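What follows is the content of data_18.pdb, which has PDB, C-alpha atoms (C1' of nucleotides):
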```pdb
ATOM      1  CA  MET A  10      39.115 135.331 135.540
ATOM      2  CA  VAL A  11      41.355 136.967 132.996
ATOM      3  CA  GLY A  12      40.767 140.626 133.700
ATOM      4  CA  GLN A  13      38.286 142.677 135.556
ATOM      5  CA  ARG A  14      35.443 143.050 133.135
ATOM      6  CA  THR A  15      33.133 140.551 131.551
ATOM      7  CA  THR A  16      32.605 141.616 127.986
ATOM      8  CA  ARG A  17      30.613 140.183 125.121
ATOM      9  CA  GLN A  18      33.903 139.307 123.402
ATOM     10  CA  ARG A  19      35.414 137.395 126.297
ATOM     11  CA  THR A  20      32.211 135.535 126.939
ATOM     12  CA  ALA A  21      32.049 134.475 123.289
ATOM     13  CA  ILE A  22      35.661 133.311 123.228
ATOM     14  CA  THR A  23      35.512 131.288 126.432
ATOM     15  CA  SER A  24      32.231 129.657 125.525
ATOM     16  CA  LEU A  25      33.568 128.722 122.095
ATOM     17  CA  LEU A  26      36.636 127.149 123.680
ATOM     18  CA  ASP A  27      34.427 125.217 126.067
ATOM     19  CA  ASP A  28      32.752 123.586 123.073
ATOM     20  CA  LEU A  29      36.011 122.600 121.389
ATOM     21  CA  ASP A  30      38.197 119.675 122.310
ATOM     22  CA  ASP A  31      41.186 120.204 120.088
ATOM     23  CA  PHE A  32      43.868 122.792 119.644
ATOM     24  CA  ARG A  33      42.974 125.828 117.559
ATOM     25  CA  SER A  34      44.977 128.794 116.391
ATOM     26  CA  ALA A  35      43.948 132.353 117.174
ATOM     27  CA  GLN A  36      43.083 132.770 113.510
ATOM     28  CA  GLN A  37      40.818 129.724 113.560
ATOM     29  CA  VAL A  38      39.078 130.973 116.684
ATOM     30  CA  HIS A  39      38.560 134.301 114.987
ATOM     31  CA  VAL A  40      36.939 132.660 111.953
ATOM     32  CA  LEU A  41      34.809 130.304 114.060
ATOM     33  CA  LEU A  42      33.483 133.240 116.043
ATOM     34  CA  ARG A  43      32.657 135.124 112.890
ATOM     35  CA  GLU A  44      30.785 132.089 111.574
ATOM     36  CA  LYS A  45      28.704 132.148 114.723
ATOM     37  CA  GLY A  46      27.838 135.759 114.074
ATOM     38  CA  GLN A  47      30.272 137.078 116.649
ATOM     39  CA  ASP A  48      32.367 139.609 114.807
ATOM     40  CA  ILE A  49      35.286 140.112 117.135
ATOM     41  CA  GLY A  50      38.524 141.864 116.228
ATOM     42  CA  LEU A  51      41.507 139.659 115.568
ATOM     43  CA  ALA A  52      43.596 141.688 117.997
ATOM     44  CA  THR A  53      41.049 141.010 120.716
ATOM     45  CA  VAL A  54      41.175 137.301 120.019
ATOM     46  CA  TYR A  55      44.968 137.334 120.317
ATOM     47  CA  ARG A  56      44.837 139.438 123.458
ATOM     48  CA  THR A  57      42.250 137.275 125.119
ATOM     49  CA  LEU A  58      43.874 133.962 124.219
ATOM     50  CA  GLY A  59      47.245 135.262 125.308
ATOM     51  CA  ALA A  60      45.860 136.465 128.621
ATOM     52  CA  MET A  61      44.004 133.218 129.261
ATOM     53  CA  ALA A  62      47.093 131.216 128.407
ATOM     54  CA  SER A  63      49.332 133.124 130.781
ATOM     55  CA  ALA A  64      46.647 132.845 133.448
ATOM     56  CA  GLY A  65      46.955 129.076 133.031
ATOM     57  CA  GLU A  66      43.436 128.645 131.685
ATOM     58  CA  LEU A  67      44.624 127.442 128.304
ATOM     59  CA  ASP A  68      47.229 125.020 127.087
ATOM     60  CA  THR A  69      49.384 126.176 124.256
ATOM     61  CA  LEU A  70      51.638 124.494 121.778
ATOM     62  CA  ARG A  71      53.448 125.461 118.649
ATOM     63  CA  THR A  72      53.102 123.827 115.286
ATOM     64  CA  GLU A  73      56.128 123.163 113.160
ATOM     65  CA  SER A  74      55.293 126.216 111.094
ATOM     66  CA  GLY A  75      55.456 128.404 114.179
ATOM     67  CA  GLU A  76      51.764 128.971 114.764
ATOM     68  CA  SER A  77      50.506 128.997 118.352
ATOM     69  CA  LEU A  78      47.616 126.702 119.172
ATOM     70  CA  PHE A  79      45.321 126.999 122.166
ATOM     71  CA  ARG A  80      43.037 124.637 123.961
ATOM     72  CA  ARG A  81      40.989 124.674 127.102
ATOM     73  CA  CYS A  82      43.103 123.125 129.839
ATOM     74  CA  GLU A  83      41.826 119.963 131.464
ATOM     75  CA  ARG A  84      44.191 119.909 134.389
ATOM     76  CA  PRO A  85      45.088 123.499 135.055
ATOM     77  CA  ASP A  86      46.844 122.568 138.270
ATOM     78  CA  ARG A  87      49.886 120.686 137.141
ATOM     79  CA  HIS A  88      52.453 120.648 134.409
ATOM     80  CA  HIS A  89      51.669 118.207 131.643
ATOM     81  CA  HIS A  90      52.272 117.449 127.979
ATOM     82  CA  HIS A  91      50.221 116.480 124.981
ATOM     83  CA  LEU A  92      49.921 113.460 122.810
ATOM     84  CA  VAL A  93      48.349 114.701 119.612
ATOM     85  CA  CYS A  94      47.033 112.518 116.778
ATOM     86  CA  ARG A  95      48.601 113.810 113.614
ATOM     87  CA  THR A  96      45.618 112.680 111.571
ATOM     88  CA  CYS A  97      42.508 113.744 113.478
ATOM     89  CA  GLY A  98      44.009 116.122 116.022
ATOM     90  CA  ARG A  99      42.674 114.164 118.983
ATOM     91  CA  THR A 100      44.608 115.200 122.051
ATOM     92  CA  VAL A 101      45.416 113.408 125.276
ATOM     93  CA  GLU A 102      47.038 115.136 128.205
ATOM     94  CA  VAL A 103      49.873 113.044 129.598
ATOM     95  CA  GLN A 104      52.380 113.217 132.380
ATOM     96  CA  GLY A 105      55.694 111.484 132.438
ATOM     97  CA  PRO A 106      55.981 110.823 136.152
ATOM     98  CA  ASN A 107      59.756 110.637 136.032
ATOM     99  CA  LEU A 108      60.095 113.116 133.281
ATOM    100  CA  GLU A 109      60.181 116.234 135.390
ATOM    101  CA  THR A 110      62.837 114.860 137.693
ATOM    102  CA  MET A 111      64.782 113.405 134.789
ATOM    103  CA  VAL A 112      64.820 116.781 133.101
ATOM    104  CA  ARG A 113      66.093 118.466 136.227
ATOM    105  CA  ALA A 114      68.761 115.813 136.637
ATOM    106  CA  ILE A 115      70.001 116.232 133.091
ATOM    107  CA  GLY A 116      70.235 119.980 133.644
ATOM    108  CA  ALA A 117      72.091 119.653 136.936
ATOM    109  CA  GLU A 118      74.519 117.183 135.415
ATOM    110  CA  HIS A 119      75.674 119.886 133.018
ATOM    111  CA  GLY A 120      75.623 122.720 135.556
ATOM    112  CA  PHE A 121      72.497 124.340 134.188
ATOM    113  CA  VAL A 122      69.917 125.866 136.509
ATOM    114  CA  ASP A 123      66.398 127.123 136.096
ATOM    115  CA  ILE A 124      65.505 124.440 133.593
ATOM    116  CA  GLU A 125      62.404 124.725 131.488
ATOM    117  CA  HIS A 126      61.380 122.215 128.906
ATOM    118  CA  THR A 127      58.975 121.653 126.080
ATOM    119  CA  LEU A 128      57.841 118.181 125.134
ATOM    120  CA  GLU A 129      55.190 117.344 122.613
ATOM    121  CA  LEU A 130      54.268 113.898 121.352
ATOM    122  CA  PHE A 131      52.757 113.320 117.951
ATOM    123  CA  GLY A 132      51.408 109.972 116.842
ATOM    124  CA  THR A 133      48.522 108.220 115.166
ATOM    125  CA  CYS A 134      45.611 107.279 117.416
ATOM    126  CA  ALA A 135      44.084 103.796 117.431
ATOM    127  CA  ASN A 136      41.119 104.980 115.446
ATOM    128  CA  CYS A 137      43.059 106.603 112.658
ATOM    129  CA  ALA A 138      45.616 103.781 112.525
ATOM    130  CA  THR A 139      42.971 101.206 111.533
ATOM    131  CA  LEU A 140      41.505 103.274 108.709
TER     132      LEU A 140
ATOM    133  CA  MET B   4      75.738 117.341  99.667
ATOM    134  CA  VAL B   5      72.967 119.891  99.659
ATOM    135  CA  GLY B   6      72.600 120.686  95.992
ATOM    136  CA  GLN B   7      74.583 120.168  92.891
ATOM    137  CA  ARG B   8      76.898 123.111  92.815
ATOM    138  CA  THR B   9      79.611 124.247  95.157
ATOM    139  CA  THR B  10      79.356 127.995  95.353
ATOM    140  CA  ARG B  11      81.315 130.586  97.258
ATOM    141  CA  GLN B  12      78.215 131.184  99.407
ATOM    142  CA  ARG B  13      77.697 127.567 100.388
ATOM    143  CA  THR B  14      81.337 127.103 101.173
ATOM    144  CA  ALA B  15      81.310 130.177 103.396
ATOM    145  CA  ILE B  16      78.186 129.077 105.251
ATOM    146  CA  THR B  17      79.314 125.512 105.908
ATOM    147  CA  SER B  18      82.762 126.591 107.011
ATOM    148  CA  LEU B  19      81.283 129.177 109.372
ATOM    149  CA  LEU B  20      79.028 126.542 110.876
ATOM    150  CA  ASP B  21      81.985 124.243 111.322
ATOM    151  CA  ASP B  22      83.605 126.875 113.495
ATOM    152  CA  LEU B  23      80.559 127.451 115.662
ATOM    153  CA  ASP B  24      79.391 125.262 118.495
ATOM    154  CA  ASP B  25      76.104 126.840 119.369
ATOM    155  CA  PHE B  26      72.761 127.393 117.781
ATOM    156  CA  ARG B  27      72.495 130.459 115.605
ATOM    157  CA  SER B  28      69.613 132.000 113.769
ATOM    158  CA  ALA B  29      69.726 132.601 110.046
ATOM    159  CA  GLN B  30      69.954 136.300 110.778
ATOM    160  CA  GLN B  31      72.949 135.806 113.051
ATOM    161  CA  VAL B  32      74.682 133.677 110.443
ATOM    162  CA  HIS B  33      74.043 136.393 107.915
ATOM    163  CA  VAL B  34      75.629 139.046 110.148
ATOM    164  CA  LEU B  35      78.589 136.844 111.074
ATOM    165  CA  LEU B  36      79.322 136.197 107.432
ATOM    166  CA  ARG B  37      79.158 139.887 106.664
ATOM    167  CA  GLU B  38      81.604 140.578 109.484
ATOM    168  CA  LYS B  39      83.983 138.145 107.873
ATOM    169  CA  GLY B  40      83.726 140.054 104.649
ATOM    170  CA  GLN B  41      81.412 137.524 103.059
ATOM    171  CA  ASP B  42      78.477 139.543 101.840
ATOM    172  CA  ILE B  43      75.864 136.908 101.191
ATOM    173  CA  GLY B  44      72.201 137.573 100.596
ATOM    174  CA  LEU B  45      69.867 136.829 103.473
ATOM    175  CA  ALA B  46      67.642 134.754 101.218
ATOM    176  CA  THR B  47      70.611 132.598 100.308
ATOM    177  CA  VAL B  48      71.424 132.048 103.968
ATOM    178  CA  TYR B  49      67.846 130.960 104.627
ATOM    179  CA  ARG B  50      67.805 128.714 101.571
ATOM    180  CA  THR B  51      71.100 127.072 102.402
ATOM    181  CA  LEU B  52      70.333 126.520 106.074
ATOM    182  CA  GLY B  53      66.916 125.138 105.220
ATOM    183  CA  ALA B  54      68.369 122.754 102.652
ATOM    184  CA  MET B  55      71.121 121.575 104.977
ATOM    185  CA  ALA B  56      68.627 121.054 107.774
ATOM    186  CA  SER B  57      66.321 118.922 105.676
ATOM    187  CA  ALA B  58      69.325 116.961 104.443
ATOM    188  CA  GLY B  59      70.013 116.133 108.098
ATOM    189  CA  GLU B  60      73.285 118.041 108.194
ATOM    190  CA  LEU B  61      72.011 120.544 110.742
ATOM    191  CA  ASP B  62      70.037 120.350 113.940
ATOM    192  CA  THR B  63      67.244 122.837 114.265
ATOM    193  CA  LEU B  64      65.160 124.129 117.082
ATOM    194  CA  ARG B  65      62.714 126.911 117.664
ATOM    195  CA  THR B  66      62.965 129.561 120.296
ATOM    196  CA  GLU B  67      59.948 130.629 122.293
ATOM    197  CA  SER B  68      59.589 133.659 120.082
ATOM    198  CA  GLY B  69      59.343 131.439 117.025
ATOM    199  CA  GLU B  70      62.805 131.959 115.588
ATOM    200  CA  SER B  71      64.545 128.965 113.999
ATOM    201  CA  LEU B  72      68.037 128.150 115.184
ATOM    202  CA  PHE B  73      70.572 125.992 113.386
ATOM    203  CA  ARG B  74      73.671 124.155 114.426
ATOM    204  CA  ARG B  75      76.064 121.697 112.905
ATOM    205  CA  CYS B  76      74.968 118.249 114.001
ATOM    206  CA  GLU B  77      77.401 116.402 116.230
ATOM    207  CA  ARG B  78      75.775 113.030 116.226
ATOM    208  CA  PRO B  79      73.855 112.824 113.020
ATOM    209  CA  ASP B  80      73.347 109.140 113.595
ATOM    210  CA  ARG B  81      71.136 109.027 116.617
ATOM    211  CA  HIS B  82      68.193 110.846 118.011
ATOM    212  CA  HIS B  83      69.082 113.398 120.672
ATOM    213  CA  HIS B  84      67.899 116.562 122.347
ATOM    214  CA  HIS B  85      69.403 119.870 123.345
ATOM    215  CA  LEU B  86      70.014 121.700 126.538
ATOM    216  CA  VAL B  87      70.418 125.327 125.560
ATOM    217  CA  CYS B  88      71.531 128.238 127.720
ATOM    218  CA  ARG B  89      68.969 130.944 127.304
ATOM    219  CA  THR B  90      71.570 133.637 127.945
ATOM    220  CA  CYS B  91      74.628 132.702 125.924
ATOM    221  CA  GLY B  92      73.230 130.000 123.691
ATOM    222  CA  ARG B  93      75.709 127.364 124.841
ATOM    223  CA  THR B  94      74.371 123.994 123.838
ATOM    224  CA  VAL B  95      74.804 120.478 125.106
ATOM    225  CA  GLU B  96      73.460 117.485 123.256
ATOM    226  CA  VAL B  97      71.756 115.148 125.670
ATOM    227  CA  GLN B  98      70.033 111.812 125.537
ATOM    228  CA  GLY B  99      67.509 110.672 128.070
ATOM    229  CA  PRO B 100      68.286 106.967 128.105
ATOM    230  CA  ASN B 101      64.834 106.094 129.332
ATOM    231  CA  LEU B 102      63.180 108.892 127.532
ATOM    232  CA  GLU B 103      62.722 107.158 124.226
ATOM    233  CA  THR B 104      61.179 104.082 125.795
ATOM    234  CA  MET B 105      59.094 106.191 128.149
ATOM    235  CA  VAL B 106      57.691 108.119 125.241
ATOM    236  CA  ARG B 107      56.800 104.952 123.408
ATOM    237  CA  ALA B 108      55.171 103.551 126.531
ATOM    238  CA  ILE B 109      53.034 106.639 127.024
ATOM    239  CA  GLY B 110      51.906 106.414 123.425
ATOM    240  CA  ALA B 111      51.051 102.735 123.641
ATOM    241  CA  GLU B 112      49.106 103.300 126.827
ATOM    242  CA  HIS B 113      46.727 105.528 124.903
ATOM    243  CA  GLY B 114      46.624 103.368 121.792
ATOM    244  CA  PHE B 115      48.768 105.682 119.736
ATOM    245  CA  VAL B 116      51.331 104.313 117.296
ATOM    246  CA  ASP B 117      54.145 105.791 115.306
ATOM    247  CA  ILE B 118      55.112 108.223 118.037
ATOM    248  CA  GLU B 119      57.389 111.123 117.327
ATOM    249  CA  HIS B 120      58.400 113.661 119.905
ATOM    250  CA  THR B 121      60.096 116.979 120.343
ATOM    251  CA  LEU B 122      61.904 117.814 123.551
ATOM    252  CA  GLU B 123      64.011 120.851 124.174
ATOM    253  CA  LEU B 124      65.517 121.993 127.429
ATOM    254  CA  PHE B 125      66.265 125.607 128.182
ATOM    255  CA  GLY B 126      68.182 126.765 131.223
ATOM    256  CA  THR B 127      70.935 129.035 132.425
ATOM    257  CA  CYS B 128      74.433 127.605 132.273
ATOM    258  CA  ALA B 129      76.817 127.717 135.243
ATOM    259  CA  ASN B 130      78.771 130.535 133.677
ATOM    260  CA  CYS B 131      75.840 132.822 132.995
ATOM    261  CA  ALA B 132      74.211 132.037 136.335
ATOM    262  CA  THR B 133      77.127 133.525 138.283
ATOM    263  CA  LEU B 134      77.255 136.788 136.349
TER     264      LEU B 134
ATOM    265  C1'  DA C  27      89.936 127.158  77.083
ATOM    266  C1'  DT C  28      85.058 128.267  76.155
ATOM    267  C1'  DC C  29      80.362 127.376  75.544
ATOM    268  C1'  DG C  30      75.966 127.013  77.203
ATOM    269  C1'  DC C  31      72.566 124.926  80.125
ATOM    270  C1'  DT C  32      70.540 125.836  84.196
ATOM    271  C1'  DA C  33      71.328 125.850  89.300
ATOM    272  C1'  DA C  34      72.090 129.385  92.411
ATOM    273  C1'  DT C  35      72.152 134.081  93.917
ATOM    274  C1'  DG C  36      70.544 138.852  95.335
ATOM    275  C1'  DA C  37      67.408 142.628  96.008
ATOM    276  C1'  DG C  38      63.436 143.654  97.369
ATOM    277  C1'  DA C  39      58.543 142.634  97.506
ATOM    278  C1'  DA C  40      55.352 139.678  99.676
ATOM    279  C1'  DC C  41      53.647 136.875 103.278
ATOM    280  C1'  DT C  42      52.438 135.072 107.951
ATOM    281  C1'  DA C  43      51.733 135.404 112.551
ATOM    282  C1'  DC C  44      51.454 138.439 115.793
ATOM    283  C1'  DT C  45      51.669 143.028 118.543
ATOM    284  C1'  DC C  46      50.998 147.840 119.140
ATOM    285  C1'  DT C  47      48.817 152.474 118.882
ATOM    286  C1'  DC C  48      45.279 155.341 119.437
ATOM    287  C1'  DC C  49      40.910 156.601 119.979
ATOM    288  C1'  DC C  50      36.317 155.133 121.059
ATOM    289  C1'  DT C  51      33.008 152.136 123.721
ATOM    290  C1'  DA C  52      30.949 149.925 127.453
ATOM    291  C1'  DT C  53      31.405 147.742 132.135
ATOM    292  C1'  DC C  54      30.616 148.189 136.824
ATOM    293  C1'  DG C  55      31.354 150.244 141.467
ATOM    294  C1'  DA C  56      29.809 154.288 143.724
TER     295       DA C  56
ATOM    296  C1'  DT D  27      22.926 157.068 136.366
ATOM    297  C1'  DC D  28      27.416 158.589 136.228
ATOM    298  C1'  DG D  29      32.027 158.466 135.161
ATOM    299  C1'  DA D  30      36.655 156.479 135.627
ATOM    300  C1'  DT D  31      38.932 153.416 133.076
ATOM    301  C1'  DA D  32      39.401 148.507 131.345
ATOM    302  C1'  DG D  33      38.653 146.722 127.124
ATOM    303  C1'  DG D  34      37.851 146.675 122.020
ATOM    304  C1'  DG D  35      38.491 147.730 116.902
ATOM    305  C1'  DA D  36      40.901 149.221 112.831
ATOM    306  C1'  DG D  37      44.735 149.362 110.824
ATOM    307  C1'  DA D  38      49.679 150.295 111.023
ATOM    308  C1'  DG D  39      53.869 148.162 112.461
ATOM    309  C1'  DT D  40      57.168 144.315 113.344
ATOM    310  C1'  DA D  41      59.891 140.082 113.037
ATOM    311  C1'  DG D  42      61.017 136.233 110.752
ATOM    312  C1'  DT D  43      60.811 133.947 106.696
ATOM    313  C1'  DT D  44      59.702 132.890 101.791
ATOM    314  C1'  DC D  45      58.935 134.174  97.066
ATOM    315  C1'  DT D  46      59.830 136.422  92.439
ATOM    316  C1'  DC D  47      62.524 137.233  88.817
ATOM    317  C1'  DA D  48      66.330 139.074  86.477
ATOM    318  C1'  DT D  49      71.310 138.193  86.656
ATOM    319  C1'  DT D  50      75.416 135.447  87.676
ATOM    320  C1'  DA D  51      78.301 131.607  87.773
ATOM    321  C1'  DG D  52      79.383 126.324  88.312
ATOM    322  C1'  DC D  53      80.590 122.604  85.641
ATOM    323  C1'  DG D  54      80.025 118.906  82.064
ATOM    324  C1'  DA D  55      80.556 118.732  77.263
ATOM    325  C1'  DT D  56      83.030 120.336  73.399
TER     326       DT D  56
END
```
Could you rewrite the structure in this file as structure tokens?
Amino acid sequence: MVGQRTTRQRTAITSLLDDLDDFRSAQQVHVLLREKGQDIGLATVYRTLGAMASAGELDTLRTESGESLFRRCERPDRHHHHLVCRTCGRTVEVQGPNLETMVRAIGAEHGFVDIEHTLELFGTCANCATL
Amino acid sequence: MVGQRTTRQRTAITSLLDDLDDFRSAQQVHVLLREKGQDIGLATVYRTLGAMASAGELDTLRTESGESLFRRCERPDRHHHHLVCRTCGRTVEVQGPNLETMVRAIGAEHGFVDIEHTLELFGTCANCATL
DNA sequence: ATCGCTAATGAGAACTACTCTCCCTATCGA
DNA sequence: TCGATAGGGAGAGTAGTTCTCATTAGCGAT
């Protein structure tokens, strides 16, 4: 639950995200909602996505151009990364089992504490590679 | 060589970058140049940094807030990542020896080919942690 | 040296992605 | 059903970056 009140807008946004598999920007979500007849303010879309993301209900990533993308989280419980097909956008959630410890080790080695990291993988999925 | 002509502005920017170790934003570079008496247009700073980056002369990364940072590349030859202090900006170039193979393995496991990845580490360096 | 082609610059407008302000609306516990 | 107040909408504001276009200046040819 993001906030205290269940509004038409929040219901529309969460149900749209439930129907989508891939990452979408706030702007795309806004347009998709409008196409479904749900005319929701852009600010509300940003607010809601931001709130859901920081509540751990959504995964986020940043495109090269600096846009934030959101997607319903499959494994909200644990830290994970994404393998995204650069052709069709298909996304797989992955975990490098050693990655987290490796990252911490690298940090410690250089005297850094409180390490955070971002890792995104981009590739071409089997399907798109054979086309 | 970024372009065809050696201008006062390009000389100033490259020599400033040579003297800096850490990542700086275009805006910071602009201010630093001004402080040195080199009054160079912000657009020129952006253009030059962008050109140098795509020529592989600079490393780039993006902060959480979406700002682009630039730094003279120490090892232009091989793929590496950065461990950046979120307080003072101190930067260490790191290589996860297993990381590259791990990444490829994860991709293969899901049938993805042609894997690229971005990994950045942010932390607090020993110096800033004790303040 | 100097000429002249045109790459490069600078000032400011424009653009993109996002956040904030402020007032109004609507949810939900009492 | 009431009313306190969380939430929403419109549009202004912001930060970072890119674009436009008139002007300047690098550099090969003369």
Expansion of the PyMOL selection byres ((chain B) within 12 of (chain D)) into residues, as an MDAnalysis selection string: chainID B and resid 6:12 28:30 45:50 53 65:66 68:72
Residues matched by the PyMOL selection byres ((chain B and resi 110) around 12), written as a VMD selection string: (chain A and resid 90 to 94 100 to 105 129 to 135) or (chain B and resid 103 to 109 111 to 120)
Resulting file, chosen residues, C-alpha atoms, as a PDB file, keeping the file's coordinate frame:
```pdb
ATOM      1  CA  HIS A  90      52.272 117.449 127.979  1.00  0.00           C
ATOM      2  CA  HIS A  91      50.221 116.480 124.981  1.00  0.00           C
ATOM      3  CA  LEU A  92      49.921 113.460 122.810  1.00  0.00           C
ATOM      4  CA  VAL A  93      48.349 114.701 119.612  1.00  0.00           C
ATOM      5  CA  CYS A  94      47.033 112.518 116.778  1.00  0.00           C
ATOM      6  CA  THR A 100      44.608 115.200 122.051  1.00  0.00           C
ATOM      7  CA  VAL A 101      45.416 113.408 125.276  1.00  0.00           C
ATOM      8  CA  GLU A 102      47.038 115.136 128.205  1.00  0.00           C
ATOM      9  CA  VAL A 103      49.873 113.044 129.598  1.00  0.00           C
ATOM     10  CA  GLN A 104      52.380 113.217 132.380  1.00  0.00           C
ATOM     11  CA  GLY A 105      55.694 111.484 132.438  1.00  0.00           C
ATOM     12  CA  GLU A 129      55.190 117.344 122.613  1.00  0.00           C
ATOM     13  CA  LEU A 130      54.268 113.898 121.352  1.00  0.00           C
ATOM     14  CA  PHE A 131      52.757 113.320 117.951  1.00  0.00           C
ATOM     15  CA  GLY A 132      51.408 109.972 116.842  1.00  0.00           C
ATOM     16  CA  THR A 133      48.522 108.220 115.166  1.00  0.00           C
ATOM     17  CA  CYS A 134      45.611 107.279 117.416  1.00  0.00           C
ATOM     18  CA  ALA A 135      44.084 103.796 117.431  1.00  0.00           C
TER      19      ALA A 135
ATOM     20  CA  GLU B 103      62.722 107.158 124.226  1.00  0.00           C
ATOM     21  CA  THR B 104      61.179 104.082 125.795  1.00  0.00           C
ATOM     22  CA  MET B 105      59.094 106.191 128.149  1.00  0.00           C
ATOM     23  CA  VAL B 106      57.691 108.119 125.241  1.00  0.00           C
ATOM     24  CA  ARG B 107      56.800 104.952 123.408  1.00  0.00           C
ATOM     25  CA  ALA B 108      55.171 103.551 126.531  1.00  0.00           C
ATOM     26  CA  ILE B 109      53.034 106.639 127.024  1.00  0.00           C
ATOM     27  CA  ALA B 111      51.051 102.735 123.641  1.00  0.00           C
ATOM     28  CA  GLU B 112      49.106 103.300 126.827  1.00  0.00           C
ATOM     29  CA  HIS B 113      46.727 105.528 124.903  1.00  0.00           C
ATOM     30  CA  GLY B 114      46.624 103.368 121.792  1.00  0.00           C
ATOM     31  CA  PHE B 115      48.768 105.682 119.736  1.00  0.00           C
ATOM     32  CA  VAL B 116      51.331 104.313 117.296  1.00  0.00           C
ATOM     33  CA  ASP B 117      54.145 105.791 115.306  1.00  0.00           C
ATOM     34  CA  ILE B 118      55.112 108.223 118.037  1.00  0.00           C
ATOM     35  CA  GLU B 119      57.389 111.123 117.327  1.00  0.00           C
ATOM     36  CA  HIS B 120      58.400 113.661 119.905  1.00  0.00           C
TER      37      HIS B 120
END
```
RMSD after least-squares fit, chain A onto chain B [all C-alpha atoms, in order]: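 That comparison of chain B with chain A gives 1.1 Å.
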Resolved residues for the PyMOL selection byres ((chain C) within 10 of (chain A)) as an MDAnalysis selection string: chainID C and resid 42:46 52:54
Centre and edges of the region 46-51 of chain A box, axis-aligned, 6 Å extra per side, as JSON:
```
{"center_x": 34.7, "center_y": 138.8, "center_z": 115.6, "size_x": 25.7, "size_y": 18.1, "size_z": 15.1}
```
Separation of CA of Phe79 (chain A) from CA of Arg43 (chain A) in Å: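 These two atoms are separated by 17.7 Å.
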From A:Thr127, A:Thr139, A:Ser24, A:Gln47, residue lying nearest chain B [all atoms listed in the file]: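 Closest residue, counting all atoms listed in the file: A:Thr127.
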